[in-house]
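*Asks:* So I've got this file, run-v1.txt, and it contains compact mmCIF, C-alpha atoms and all ligand atoms:
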```
# COMPACT_ATOMS: atom_id res chain seq x y z
CA MET A 43 -0.07 26.17 7.29
CA HIS A 44 1.89 22.95 7.41
CA PRO A 45 2.98 21.81 10.89
CA PRO A 46 6.48 22.93 11.89
CA GLY A 47 9.18 20.31 11.43
CA ARG A 48 7.36 18.55 8.60
CA ASP A 49 8.08 19.20 4.96
CA ALA A 50 5.06 19.11 2.68
CA THR A 51 7.13 19.45 -0.50
CA VAL A 52 6.60 16.69 -3.05
CA ALA A 53 8.71 16.26 -6.17
CA VAL A 54 6.75 15.43 -9.31
CA VAL A 55 8.89 14.15 -12.20
CA ARG A 56 7.72 12.79 -15.53
CA CYS A 57 8.70 9.20 -16.31
CA ASP A 58 6.92 7.66 -19.28
CA ASP A 59 8.03 4.06 -19.03
CA TYR A 60 10.29 1.61 -17.27
CA VAL A 61 13.38 2.00 -19.44
CA PRO A 62 16.08 1.75 -16.74
CA ASP A 63 18.01 4.88 -17.79
CA GLU A 64 14.83 6.95 -17.86
CA VAL A 65 13.72 5.67 -14.47
CA ASP A 66 17.18 6.27 -13.04
CA ALA A 67 17.20 9.87 -14.29
CA ALA A 68 13.67 10.53 -13.00
CA VAL A 69 14.41 9.12 -9.54
CA ARG A 70 17.65 11.15 -9.27
CA ARG A 71 15.88 14.31 -10.36
CA ALA A 72 12.95 13.74 -7.97
CA VAL A 73 15.18 13.07 -4.95
CA GLY A 74 17.37 16.01 -5.94
CA LEU A 75 14.35 18.32 -6.02
CA VAL A 76 13.54 17.54 -2.38
CA GLY A 77 17.08 18.06 -1.12
CA GLY A 78 19.23 15.25 -2.51
CA ILE A 79 19.94 11.84 -1.03
CA GLU A 80 22.38 13.36 1.49
CA ARG A 81 19.45 15.10 3.17
CA PHE A 82 17.91 11.77 4.10
CA VAL A 83 20.70 9.28 4.80
CA ALA A 84 24.39 9.34 5.73
CA PRO A 85 27.20 7.19 4.31
CA GLY A 86 27.68 4.00 6.32
CA GLU A 87 24.06 3.84 7.50
CA ARG A 88 22.16 0.60 7.23
CA VAL A 89 19.10 1.47 5.14
CA LEU A 90 16.01 -0.66 4.82
CA LEU A 91 14.62 -0.21 1.33
CA LYS A 92 10.93 -1.05 1.59
CA PRO A 93 9.24 -1.81 -1.75
CA ASN A 94 5.80 -3.27 -2.36
CA LEU A 95 6.42 -7.00 -2.77
CA LEU A 96 2.79 -8.05 -2.46
CA GLN A 97 2.82 -11.75 -3.39
CA GLY A 98 5.88 -11.27 -5.57
CA GLN A 99 4.01 -10.90 -8.85
CA ALA A 100 5.65 -10.26 -12.22
CA PRO A 101 6.41 -6.54 -12.80
CA GLU A 102 4.04 -6.15 -15.75
CA ARG A 103 1.06 -6.95 -13.52
CA CYS A 104 1.73 -3.67 -11.65
CA VAL A 105 1.02 -5.28 -8.28
CA THR A 106 4.55 -4.71 -7.00
CA THR A 107 6.91 -1.75 -7.19
CA HIS A 108 8.64 -2.00 -10.57
CA PRO A 109 12.18 -3.42 -10.19
CA ALA A 110 13.60 -0.57 -12.31
CA VAL A 111 12.40 1.90 -9.64
CA VAL A 112 13.66 -0.30 -6.81
CA ALA A 113 17.04 -0.55 -8.58
CA ALA A 114 17.22 3.22 -9.18
CA VAL A 115 16.63 4.03 -5.50
CA ALA A 116 18.97 1.24 -4.33
CA ARG A 117 21.69 2.51 -6.68
CA LEU A 118 21.37 6.04 -5.34
CA LEU A 119 21.72 4.77 -1.77
CA VAL A 120 24.63 2.42 -2.51
CA GLU A 121 26.50 5.17 -4.39
CA HIS A 122 26.05 7.36 -1.33
CA GLY A 123 27.81 4.72 0.78
CA CYS A 124 24.76 3.19 2.47
CA ARG A 125 24.37 -0.51 3.21
CA VAL A 126 21.04 -1.33 1.62
CA VAL A 127 18.75 -4.20 2.60
CA ILE A 128 15.61 -4.80 0.53
CA ALA A 129 12.86 -6.23 2.73
CA ASP A 130 9.11 -6.61 2.90
CA SER A 131 6.76 -9.08 4.47
CA PRO A 132 4.61 -9.81 1.44
CA GLY A 133 0.82 -9.87 1.50
CA ALA A 134 -1.07 -11.19 4.44
CA GLY A 135 -1.81 -14.89 4.33
CA ILE A 136 1.54 -15.73 2.77
CA VAL A 137 3.78 -17.57 5.16
CA TYR A 138 6.74 -15.30 5.85
CA SER A 139 9.44 -17.88 5.13
CA GLU A 140 12.73 -17.95 3.28
CA PRO A 141 11.49 -20.12 0.36
CA ASN A 142 8.48 -17.83 -0.14
CA LEU A 143 10.69 -14.73 -0.02
CA ARG A 144 13.11 -16.29 -2.50
CA ARG A 145 10.26 -16.99 -4.94
CA ALA A 146 8.77 -13.52 -4.47
CA TYR A 147 12.14 -11.78 -5.02
CA ALA A 148 12.75 -13.76 -8.20
CA ARG A 149 9.29 -13.20 -9.71
CA SER A 150 9.12 -9.50 -8.85
CA GLY A 151 12.55 -8.77 -10.34
CA PHE A 152 13.92 -7.60 -6.99
CA ALA A 153 16.58 -10.34 -6.99
CA ALA A 154 18.00 -8.96 -10.23
CA ALA A 155 17.71 -5.38 -8.92
CA ALA A 156 19.68 -6.33 -5.81
CA GLU A 157 22.35 -8.15 -7.77
CA GLU A 158 22.75 -5.24 -10.15
CA THR A 159 23.05 -2.57 -7.46
CA GLY A 160 24.83 -4.33 -4.60
CA ALA A 161 21.79 -4.23 -2.30
CA VAL A 162 21.16 -7.24 -0.08
CA LEU A 163 17.91 -9.21 -0.01
CA ASN A 164 16.47 -9.97 3.41
CA TYR A 165 15.85 -13.58 4.44
CA ASP A 166 15.59 -13.01 8.18
CA THR A 167 11.98 -13.82 9.06
CA GLY A 168 12.18 -12.78 12.69
CA PHE A 169 10.52 -9.76 14.23
CA ARG A 170 10.90 -7.57 17.29
CA ILE A 171 8.45 -5.56 19.34
CA ILE A 172 9.03 -1.82 18.95
CA PRO A 173 7.45 0.30 21.67
CA PHE A 174 5.50 3.40 20.70
CA PRO A 175 4.03 4.81 23.92
CA GLU A 176 2.73 7.96 22.23
CA GLY A 177 0.63 5.96 19.75
CA GLU A 178 -3.10 6.74 19.54
CA THR A 179 -4.13 3.24 18.52
CA MET A 180 -1.10 1.05 19.30
CA LYS A 181 1.52 1.34 22.02
CA GLN A 182 3.86 -1.13 20.30
CA PHE A 183 4.26 -2.85 16.95
CA PRO A 184 5.71 -6.21 15.88
CA ILE A 185 8.25 -5.17 13.24
CA ILE A 186 10.29 -7.39 10.91
CA THR A 187 13.91 -7.61 12.09
CA PRO A 188 15.64 -5.84 9.17
CA ALA A 189 13.43 -2.79 9.75
CA ALA A 190 13.86 -2.89 13.51
CA ASP A 191 17.64 -3.06 13.03
CA ALA A 192 17.89 -0.38 10.32
CA ASP A 193 19.32 3.10 10.86
CA ALA A 194 16.93 4.51 8.27
CA ILE A 195 13.93 3.41 6.23
CA VAL A 196 13.38 4.46 2.63
CA VAL A 197 10.00 3.53 1.14
CA VAL A 198 9.60 2.83 -2.57
CA SER A 199 5.91 2.19 -3.02
CA LYS A 200 3.49 1.48 -5.87
CA ALA A 201 0.53 3.70 -6.75
CA LYS A 202 -2.62 1.57 -6.64
CA THR A 203 -6.26 1.63 -5.77
CA HIS A 204 -7.27 -0.49 -2.82
CA MET A 205 -10.58 -2.27 -2.27
CA TRP A 206 -10.58 -1.41 1.41
CA THR A 207 -8.38 1.63 2.01
CA ARG A 208 -9.32 3.15 -1.40
CA MET A 209 -5.71 3.91 -2.29
CA THR A 210 -2.32 2.49 -1.42
CA GLY A 211 0.84 4.51 -1.83
CA ALA A 212 3.33 5.72 0.75
CA ALA A 213 1.59 5.32 4.13
CA LYS A 214 -0.07 1.94 3.53
CA ASN A 215 3.20 0.49 2.25
CA LEU A 216 4.60 0.42 5.78
CA PHE A 217 2.07 -2.27 6.74
CA GLY A 218 4.59 -4.62 5.11
CA LEU A 219 6.81 -4.15 8.17
CA ILE A 220 4.29 -6.20 10.13
CA PRO A 221 5.26 -9.88 9.82
CA GLY A 222 2.97 -11.89 7.50
CA LEU A 223 0.69 -13.84 9.77
CA GLU A 224 0.45 -11.01 12.33
CA LYS A 225 -1.36 -8.92 9.73
CA PRO A 226 -4.81 -10.52 10.12
CA VAL A 227 -4.71 -9.56 13.81
CA PHE A 228 -4.58 -5.91 12.73
CA HIS A 229 -7.39 -6.39 10.23
CA PHE A 230 -9.47 -7.93 12.98
CA ARG A 231 -8.73 -5.17 15.46
CA PHE A 232 -9.09 -2.20 13.10
CA ARG A 233 -12.21 -3.14 11.19
CA ASP A 234 -13.13 0.03 9.39
CA GLU A 235 -10.85 1.79 7.00
CA TYR A 236 -10.55 4.96 9.09
CA ALA A 237 -9.56 2.98 12.20
CA PHE A 238 -7.06 1.12 10.03
CA GLY A 239 -5.78 4.45 8.67
CA ARG A 240 -5.26 5.76 12.21
CA MET A 241 -3.24 2.65 13.01
CA LEU A 242 -1.15 3.15 9.85
CA VAL A 243 -0.41 6.73 10.89
CA ASP A 244 0.83 5.41 14.24
CA LEU A 245 2.99 2.87 12.40
CA ASN A 246 4.50 5.57 10.19
CA GLU A 247 5.07 7.89 13.15
CA CYS A 248 6.67 5.01 15.06
CA MET A 249 9.05 3.92 12.29
CA LYS A 250 9.61 7.38 10.79
CA PRO A 251 10.64 6.53 7.22
CA ARG A 252 12.98 9.25 6.02
CA LEU A 253 12.30 9.26 2.30
CA GLN A 254 9.34 8.29 0.14
CA VAL A 255 9.61 7.45 -3.55
CA VAL A 256 6.41 6.41 -5.35
CA ASP A 257 6.37 4.38 -8.55
CA ALA A 258 3.41 5.99 -10.30
CA VAL A 259 4.76 5.37 -13.80
CA VAL A 260 2.09 2.74 -14.35
CA GLY A 261 -0.27 2.36 -11.42
CA MET A 262 -3.15 0.00 -10.77
CA GLU A 263 -6.75 1.12 -11.22
CA GLY A 264 -10.00 -0.72 -10.44
CA ASP A 265 -10.01 -3.48 -7.85
CA GLY A 266 -6.51 -3.02 -6.48
CA PRO A 267 -4.24 -3.82 -4.83
CA GLN A 268 -4.07 -7.14 -6.62
CA ALA A 269 -6.95 -7.64 -9.04
CA GLY A 270 -7.04 -4.27 -10.80
CA SER A 271 -5.61 -3.24 -14.18
CA PRO A 272 -2.44 -1.32 -15.09
CA ARG A 273 -2.99 2.35 -15.94
CA LYS A 274 -0.35 4.86 -16.88
CA ILE A 275 0.11 7.93 -14.68
CA GLY A 276 3.61 8.66 -15.96
CA VAL A 277 5.26 10.08 -12.88
CA ILE A 278 7.72 9.46 -10.05
CA LEU A 279 6.97 11.19 -6.74
CA ALA A 280 9.43 11.86 -3.92
CA GLY A 281 9.24 13.58 -0.55
CA SER A 282 9.89 13.13 3.13
CA ASP A 283 6.30 13.17 4.37
CA TYR A 284 4.14 10.11 3.68
CA ALA A 285 0.87 12.04 4.05
CA ALA A 286 1.98 14.86 1.74
CA VAL A 287 3.14 12.39 -0.92
CA ASP A 288 -0.14 10.47 -0.68
CA THR A 289 -2.10 13.72 -0.91
CA VAL A 290 -0.52 14.46 -4.30
CA LEU A 291 -1.09 10.89 -5.47
CA ALA A 292 -4.76 10.91 -4.40
CA ARG A 293 -5.36 14.08 -6.40
CA PHE A 294 -3.70 12.56 -9.47
CA ILE A 295 -6.02 9.55 -9.40
CA GLY A 296 -9.15 11.63 -8.87
CA MET A 297 -9.77 11.06 -5.18
CA ASP A 298 -10.33 13.65 -2.49
CA PRO A 299 -7.27 13.18 -0.21
CA LEU A 300 -9.43 13.39 2.89
CA GLU A 301 -11.29 10.28 1.72
CA ILE A 302 -8.12 8.31 2.48
CA GLY A 303 -8.03 7.17 6.11
CA THR A 304 -4.31 7.81 6.63
CA ILE A 305 -4.46 11.32 5.19
CA ARG A 306 -7.60 12.16 7.15
CA SER A 307 -6.06 10.84 10.35
CA ALA A 308 -2.79 12.73 9.77
CA ALA A 309 -4.77 15.93 9.14
CA ALA A 310 -6.94 15.37 12.25
CA ARG A 311 -3.78 15.00 14.37
CA GLY A 312 -2.28 18.19 13.02
CA LEU A 313 0.45 16.31 11.14
CA LEU A 314 -0.68 17.52 7.73
CA ASP A 315 -2.39 20.48 6.14
CA PRO A 316 -3.46 19.16 2.72
CA LEU A 317 -3.84 22.72 1.43
CA ALA A 318 -0.19 23.45 2.28
CA VAL A 319 1.17 20.52 0.25
CA ARG A 320 3.23 21.94 -2.60
CA THR A 321 4.84 20.28 -5.57
CA VAL A 322 8.15 20.99 -7.25
CA GLY A 323 9.37 19.75 -10.63
CA ASP A 324 7.01 19.13 -13.51
CA ASP A 325 3.52 20.58 -13.84
CA PRO A 326 1.20 18.38 -11.73
CA ALA A 327 -1.69 19.09 -14.11
CA GLU A 328 0.06 16.86 -16.67
CA PHE A 329 -0.43 13.78 -14.50
CA ALA A 330 -4.01 14.09 -13.38
CA VAL A 331 -6.01 11.02 -14.39
CA PRO A 332 -9.47 11.97 -13.11
CA ASP A 333 -11.12 8.92 -14.70
CA PHE A 334 -8.70 6.55 -12.97
CA ARG A 335 -11.05 3.64 -12.31
CA LYS A 336 -11.98 3.40 -8.64
CA PRO A 337 -12.43 0.12 -6.76
CA SER A 338 -15.90 -1.44 -6.94
CA THR A 339 -16.18 -0.85 -3.19
CA TYR A 340 -15.54 2.86 -3.63
CA ALA A 341 -18.12 5.42 -2.67
CA GLY A 342 -16.92 8.97 -2.74
CA GLY A 343 -16.12 11.50 -5.37
CA ARG A 344 -19.52 11.81 -6.97
CA ALA A 345 -21.35 11.43 -3.68
CA GLY A 346 -22.65 14.71 -2.29
CA PRO A 347 -22.43 15.49 1.42
CA TRP A 348 -25.80 13.96 2.38
CA ARG A 349 -25.00 10.80 0.47
CA ARG A 350 -21.70 10.47 2.26
CA VAL A 351 -23.42 10.79 5.62
CA VAL A 352 -25.95 8.11 4.72
CA LEU A 353 -23.20 5.92 3.34
CA ALA A 354 -21.04 6.33 6.42
CA VAL A 355 -23.97 5.23 8.58
CA VAL A 356 -24.73 2.28 6.35
CA GLN A 357 -21.11 1.19 6.17
CA ARG A 358 -20.55 1.59 9.86
CA PHE A 359 -23.65 -0.10 11.17
CA GLY A 360 -24.60 -2.61 8.56
CA ARG A 361 -23.21 -5.09 6.12
CA THR A 362 -26.01 -4.42 3.69
CA TYR A 363 -24.17 -2.05 1.45
CA ALA A 364 -20.65 -3.46 1.48
CA PRO A 365 -19.95 -6.00 -1.29
CA ARG A 366 -19.79 -9.61 -0.14
CA PRO A 367 -17.01 -12.00 -1.01
CA GLY A 368 -17.97 -15.24 -2.71
CA VAL A 369 -15.92 -18.08 -4.13
CA ILE A 370 -15.97 -18.84 -7.86
CA ALA A 371 -15.73 -22.59 -7.39
CA PRO A 372 -14.30 -23.53 -10.84
CA ALA A 373 -11.46 -21.06 -10.36
CA CYS A 374 -10.62 -22.09 -6.79
CA ILE A 375 -7.63 -24.42 -6.49
CA GLY A 376 -8.04 -24.93 -2.75
CA CYS A 377 -4.66 -23.40 -1.89
CA GLY A 378 -5.92 -22.20 1.50
CA LYS A 379 -4.36 -18.72 1.38
CA CYS A 380 -7.74 -17.07 1.94
CA GLU A 381 -8.49 -19.39 4.85
CA ARG A 382 -5.18 -18.46 6.50
CA ILE A 383 -5.59 -14.73 6.00
CA CYS A 384 -9.22 -14.32 7.08
CA PRO A 385 -9.02 -12.47 10.41
CA VAL A 386 -12.35 -13.83 11.63
CA HIS A 387 -11.99 -17.40 10.31
CA ALA A 388 -14.98 -17.00 8.01
CA ILE A 389 -13.43 -19.16 5.26
CA THR A 390 -13.11 -22.91 5.19
CA VAL A 391 -11.40 -24.98 2.53
CA ALA A 392 -12.80 -28.47 2.19
CA GLY A 393 -12.71 -30.88 -0.72
CA GLY A 394 -10.31 -28.55 -2.54
CA LYS A 395 -12.70 -25.59 -2.56
CA ALA A 396 -13.12 -22.57 -0.31
CA THR A 397 -16.43 -21.40 1.12
CA VAL A 398 -17.23 -18.16 2.93
CA ASP A 399 -19.48 -17.86 5.97
CA LEU A 400 -20.92 -14.41 5.37
CA SER A 401 -22.43 -14.24 8.85
CA HIS A 402 -18.92 -13.87 10.25
CA CYS A 403 -17.36 -11.89 7.40
CA ILE A 404 -16.32 -8.34 8.33
CA ARG A 405 -15.81 -7.25 4.67
CA CYS A 406 -12.08 -6.59 4.96
CA TYR A 407 -11.44 -8.08 1.46
CA CYS A 408 -8.14 -9.64 2.48
CA CYS A 409 -9.29 -12.86 0.78
CA HIS A 410 -9.90 -10.98 -2.47
CA GLU A 411 -6.47 -9.38 -2.18
CA ILE A 412 -4.65 -12.62 -1.53
CA CYS A 413 -6.30 -14.91 -4.10
CA THR A 414 -3.99 -15.10 -7.09
CA GLU A 415 -6.52 -17.28 -8.96
CA HIS A 416 -9.12 -14.47 -8.99
CA ALA A 417 -11.47 -16.98 -7.40
CA ILE A 418 -12.96 -14.53 -4.92
CA ALA A 419 -15.64 -12.35 -6.47
CA LEU A 420 -17.35 -9.42 -4.80
CA SER A 421 -21.03 -8.75 -5.25
CA ARG A 422 -23.74 -6.74 -3.56
CA SER A 423 -26.99 -8.04 -2.15
CA LEU A 424 -30.20 -6.68 -3.74
CA PRO A 425 -30.68 -4.04 -1.00
CA GLY A 426 -26.99 -3.24 -1.34
CA LYS A 427 -27.42 -2.75 -5.09
CA LEU A 428 -30.38 -0.44 -4.52
CA LEU A 429 -28.39 1.58 -1.99
CA ALA A 430 -25.42 1.70 -4.33
CA ARG A 431 -27.67 3.08 -7.07
CA LEU A 432 -29.18 5.60 -4.67
CA LEU A 433 -25.82 6.70 -3.34
CA GLY A 434 -23.75 6.44 -6.48
S1 LIG B 501 -10.42 -18.87 -3.13
FE1 LIG B 501 -8.38 -18.41 -3.94
S2 LIG B 501 -7.07 -18.19 -2.13
FE2 LIG B 501 -8.94 -19.24 -1.47
S3 LIG B 501 -8.46 -21.44 -1.61
FE3 LIG B 501 -9.45 -20.84 -3.55
S4 LIG B 501 -7.73 -20.31 -4.93
FE4 LIG B 501 -6.88 -20.33 -2.82
S1 LIG B 502 -14.22 -13.68 4.27
FE1 LIG B 502 -14.71 -11.60 4.91
S2 LIG B 502 -13.57 -11.27 6.79
FE2 LIG B 502 -12.68 -13.07 5.80
S3 LIG B 502 -10.96 -12.25 4.57
FE3 LIG B 502 -12.77 -12.31 3.22
S4 LIG B 502 -13.71 -10.30 3.39
FE4 LIG B 502 -12.28 -10.52 5.15
```
Mind turning the file's structure into structure tokens?
*Replies:*
Amino acid sequence: MHPPGRDATVAVVRCDDYVPDEVDAAVRRAVGLVGGIERFVAPGERVLLKPNLLQGQAPERCVTTHPAVVAAVARLLVEHGCRVVIADSPGAGIVYSEPNLRRAYARSGFAAAAEETGAVLNYDTGFRIIPFPEGETMKQFPIITPAADADAIVVVSKAKTHMWTRMTGAAKNLFGLIPGLEKPVFHFRFRDEYAFGRMLVDLNECMKPRLQVVDAVVGMEGDGPQAGSPRKIGVILAGSDYAAVDTVLARFIGMDPLEIGTIRSAAARGLLDPLAVRTVGDDPAEFAVPDFRKPSTYAGGRAGPWRRVVLAVVQRFGRTYAPRPGVIAPACIGCGKCERICPVHAITVAGGKATVDLSHCIRCYCCHEICTEHAIALSRSLPGKLLARLLG
């Protein structure tokens, strides 16, 4: 039974590519299937449209929400009479500044999407503290100003694997409301992925996004959220409940939903019953991609119960198993992004090259996520390789 007051209905609508008319039709149909845009927002409301702007990469890399999906959701909101602001604090380690936002909006195609639809791009880099006394892990959050000031939040996320949280879709997307250089503080404080998932549930419960739309037309498999490869799923998802939407997405990409920290935390708090999640629209079986390539840090799926127990112990109490970051010196351009993002200051850039002090590294993989030069490689120690073979 799903908890009262929460709607576990998720719209599943086929969308085969990013042709704007096809995306527009799929988004309208998906939102219509879960009650129509009028169920979520009222005319005149100031709506924060929250895409995935991670580092503002080109759309074909599938790192960011595709601009055709951002435009389709923005258009729907503008037509309904909402004032739409597109905002995100892109990946940790990137200075949250107007020039960086301008570059990211241009490269990601969001600038064109805003111009085409009448949405406004955010350049306000301030933040406010939003209290959340009922939070389990946080009693307040620093939140970027356009989100703190919004009447409603609509999330338009990208379906991707994630080296640390296994998957990123609806719930993880809201981490972009935390201003850029505050993010490492959270990585430092919530060091394992379940603790981080519990924090993300608090963040979602605090900010209460009203509508979720997921761009799963082409997702990212492998070492997401930045260094993986595009892989077609062919679907747009929509719903009001971040955990329900993520549950459907996890099943599509061949993961057990309860392996995802946010879903597990939502279920443990009685906010979600994964078995009560229901889909409407197209047949979900058409979109299952069971061989969706998992991150190299992933251990689940094939692992039986005893293996998971051993793995949990190993991951919790040792660094033996977890892959270690290392710098590929010829590829490193010495930009310093990894040094800025590392929550435990384990990276130093000197002489134009980064080095990692593994004795301090907490294996959060933020450096791997942030490095656009693919100069951070992950590898296991020999005992780690043996354990991986044993457990895999
Ligand atoms: S490893 Fe990557 S992020 Fe770090 S300094 Fe080198 S190029 Fe920049
Ligand atoms: S060096 Fe370790 S702790 Fe620092 S960002 Fe990379 S993985 Fe995280």
*Asks:* Please extract the residues at most 10 Å from ligand LIG 502 (chain B), counting all atoms listed in the file, and provide them as an mmCIF file with C-alpha atoms, in the frame of the given file, using the chain letters and residue numbers of this document.
*Replies:*
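Dumped to part.cif:
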```cif
data_model
loop_
_atom_site.group_PDB
_atom_site.id
_atom_site.type_symbol
_atom_site.label_atom_id
_atom_site.label_comp_id
_atom_site.auth_asym_id
_atom_site.auth_seq_id
_atom_site.Cartn_x
_atom_site.Cartn_y
_atom_site.Cartn_z
ATOM 1 C CA ALA A 134 -1.070 -11.190 4.440
ATOM 2 C CA GLY A 135 -1.810 -14.890 4.330
ATOM 3 C CA TRP A 206 -10.580 -1.410 1.410
ATOM 4 C CA PRO A 226 -4.810 -10.520 10.120
ATOM 5 C CA HIS A 229 -7.390 -6.390 10.230
ATOM 6 C CA PHE A 230 -9.470 -7.930 12.980
ATOM 7 C CA ARG A 233 -12.210 -3.140 11.190
ATOM 8 C CA ALA A 364 -20.650 -3.460 1.480
ATOM 9 C CA PRO A 365 -19.950 -6.000 -1.290
ATOM 10 C CA ARG A 366 -19.790 -9.610 -0.140
ATOM 11 C CA PRO A 367 -17.010 -12.000 -1.010
ATOM 12 C CA GLY A 368 -17.970 -15.240 -2.710
ATOM 13 C CA VAL A 369 -15.920 -18.080 -4.130
ATOM 14 C CA LYS A 379 -4.360 -18.720 1.380
ATOM 15 C CA CYS A 380 -7.740 -17.070 1.940
ATOM 16 C CA GLU A 381 -8.490 -19.390 4.850
ATOM 17 C CA ARG A 382 -5.180 -18.460 6.500
ATOM 18 C CA ILE A 383 -5.590 -14.730 6.000
ATOM 19 C CA CYS A 384 -9.220 -14.320 7.080
ATOM 20 C CA PRO A 385 -9.020 -12.470 10.410
ATOM 21 C CA VAL A 386 -12.350 -13.830 11.630
ATOM 22 C CA HIS A 387 -11.990 -17.400 10.310
ATOM 23 C CA ALA A 388 -14.980 -17.000 8.010
ATOM 24 C CA ILE A 389 -13.430 -19.160 5.260
ATOM 25 C CA THR A 390 -13.110 -22.910 5.190
ATOM 26 C CA THR A 397 -16.430 -21.400 1.120
ATOM 27 C CA VAL A 398 -17.230 -18.160 2.930
ATOM 28 C CA ASP A 399 -19.480 -17.860 5.970
ATOM 29 C CA LEU A 400 -20.920 -14.410 5.370
ATOM 30 C CA SER A 401 -22.430 -14.240 8.850
ATOM 31 C CA HIS A 402 -18.920 -13.870 10.250
ATOM 32 C CA CYS A 403 -17.360 -11.890 7.400
ATOM 33 C CA ILE A 404 -16.320 -8.340 8.330
ATOM 34 C CA ARG A 405 -15.810 -7.250 4.670
ATOM 35 C CA CYS A 406 -12.080 -6.590 4.960
ATOM 36 C CA TYR A 407 -11.440 -8.080 1.460
ATOM 37 C CA CYS A 408 -8.140 -9.640 2.480
ATOM 38 C CA CYS A 409 -9.290 -12.860 0.780
ATOM 39 C CA HIS A 410 -9.900 -10.980 -2.470
ATOM 40 C CA GLU A 411 -6.470 -9.380 -2.180
ATOM 41 C CA ILE A 412 -4.650 -12.620 -1.530
ATOM 42 C CA ILE A 418 -12.960 -14.530 -4.920
ATOM 43 C CA LEU A 420 -17.350 -9.420 -4.800
#
```
*Asks:* Could you report the residues within 6 Å of ligand LIG 501 (chain B), using only C-alpha atoms and all ligand atoms, as a VMD selection string?
*Replies:* chain A and resid 369 374 to 380 395 to 396 413 415 417 to 418
*Asks:* Residues as selected, C-alpha atoms, written as a short mmCIF file (atom, residue, chain, number, x, y, z; two decimals), keeping the file's coordinate frame, can you do that?
*Replies:*
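Output file out.cif is given in full below:
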```cif
data_model
loop_
_atom_site.label_atom_id
_atom_site.label_comp_id
_atom_site.auth_asym_id
_atom_site.auth_seq_id
_atom_site.Cartn_x
_atom_site.Cartn_y
_atom_site.Cartn_z
CA VAL A 369 -15.92 -18.08 -4.13
CA CYS A 374 -10.62 -22.09 -6.79
CA ILE A 375 -7.63 -24.42 -6.49
CA GLY A 376 -8.04 -24.93 -2.75
CA CYS A 377 -4.66 -23.40 -1.89
CA GLY A 378 -5.92 -22.20 1.50
CA LYS A 379 -4.36 -18.72 1.38
CA CYS A 380 -7.74 -17.07 1.94
CA LYS A 395 -12.70 -25.59 -2.56
CA ALA A 396 -13.12 -22.57 -0.31
CA CYS A 413 -6.30 -14.91 -4.10
CA GLU A 415 -6.52 -17.28 -8.96
CA ALA A 417 -11.47 -16.98 -7.40
CA ILE A 418 -12.96 -14.53 -4.92
#
```
*Asks:* Quick check, in Å to one decimal: how far apart do CA of Glu140 (chain A) and CA of Lys92 (chain A) lie?
*Replies:*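 Separating CA of Glu140 (chain A) from CA of Lys92 (chain A) is a distance of 17.1 Å.
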*Asks:* Could you work out how far CA of Val55 (chain A) lies from CA of Tyr147 (chain A), giving the answer in Å with one decimal?
*Replies:*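 Taking CA of Tyr147 (chain A) and CA of Val55 (chain A), their separation equals 27.1 Å.
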*Asks:* For region 287-294 of chain A, please output as a PyMOL selection string all residues within 10 Å (counting all atoms listed in the file; exclusion window: fewer than 6 positions along the same chain).
*Replies:* chain A and resi 50-54+201-203+208-214+254-256+258+275+277+279-281+300-302+304-306+314-317+319-321+326-334
*Asks:* (2.6, 8.2, 13.8) in this file's frame - what residues fall within 12 Å of it? Use all atoms listed in the file and give the answer as a PyMOL selection string.
*Replies:* chain A and resi 174-183+213+216+239-251+283-285+304-305+307-309+311-314
*Asks:* Reconstruct N, CA and C atoms of region 206-214 of chain A from the incomplete input and present them as a PDB file, in the frame of the given file.
*Replies:*
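See part.pdb below for the written result:
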```
ATOM      1  N   TRP A 206     -10.159  -1.742   0.043  1.00  0.00           N
ATOM      2  CA  TRP A 206     -10.580  -1.410   1.410  1.00  0.00           C
ATOM      3  C   TRP A 206     -10.157  -0.014   1.817  1.00  0.00           C
ATOM      4  N   THR A 207      -8.863   0.316   1.569  1.00  0.00           N
ATOM      5  CA  THR A 207      -8.380   1.630   2.010  1.00  0.00           C
ATOM      6  C   THR A 207      -8.466   2.669   0.887  1.00  0.00           C
ATOM      7  N   ARG A 208      -9.079   2.304  -0.224  1.00  0.00           N
ATOM      8  CA  ARG A 208      -9.320   3.150  -1.400  1.00  0.00           C
ATOM      9  C   ARG A 208      -8.072   3.360  -2.231  1.00  0.00           C
ATOM     10  N   MET A 209      -6.955   3.661  -1.561  1.00  0.00           N
ATOM     11  CA  MET A 209      -5.710   3.910  -2.290  1.00  0.00           C
ATOM     12  C   MET A 209      -4.560   3.356  -1.470  1.00  0.00           C
ATOM     13  N   THR A 210      -3.542   2.854  -2.132  1.00  0.00           N
ATOM     14  CA  THR A 210      -2.320   2.490  -1.420  1.00  0.00           C
ATOM     15  C   THR A 210      -1.145   3.139  -2.115  1.00  0.00           C
ATOM     16  N   GLY A 211      -0.362   3.834  -1.318  1.00  0.00           N
ATOM     17  CA  GLY A 211       0.840   4.510  -1.830  1.00  0.00           C
ATOM     18  C   GLY A 211       1.879   4.469  -0.741  1.00  0.00           C
ATOM     19  N   ALA A 212       2.245   5.646  -0.211  1.00  0.00           N
ATOM     20  CA  ALA A 212       3.330   5.720   0.750  1.00  0.00           C
ATOM     21  C   ALA A 212       2.956   5.155   2.126  1.00  0.00           C
ATOM     22  N   ALA A 213       1.891   5.678   2.731  1.00  0.00           N
ATOM     23  CA  ALA A 213       1.590   5.320   4.130  1.00  0.00           C
ATOM     24  C   ALA A 213       1.235   3.850   4.283  1.00  0.00           C
ATOM     25  N   LYS A 214       0.401   3.327   3.412  1.00  0.00           N
ATOM     26  CA  LYS A 214      -0.070   1.940   3.530  1.00  0.00           C
ATOM     27  C   LYS A 214       1.087   0.950   3.321  1.00  0.00           C
TER      28      LYS A 214
END
```
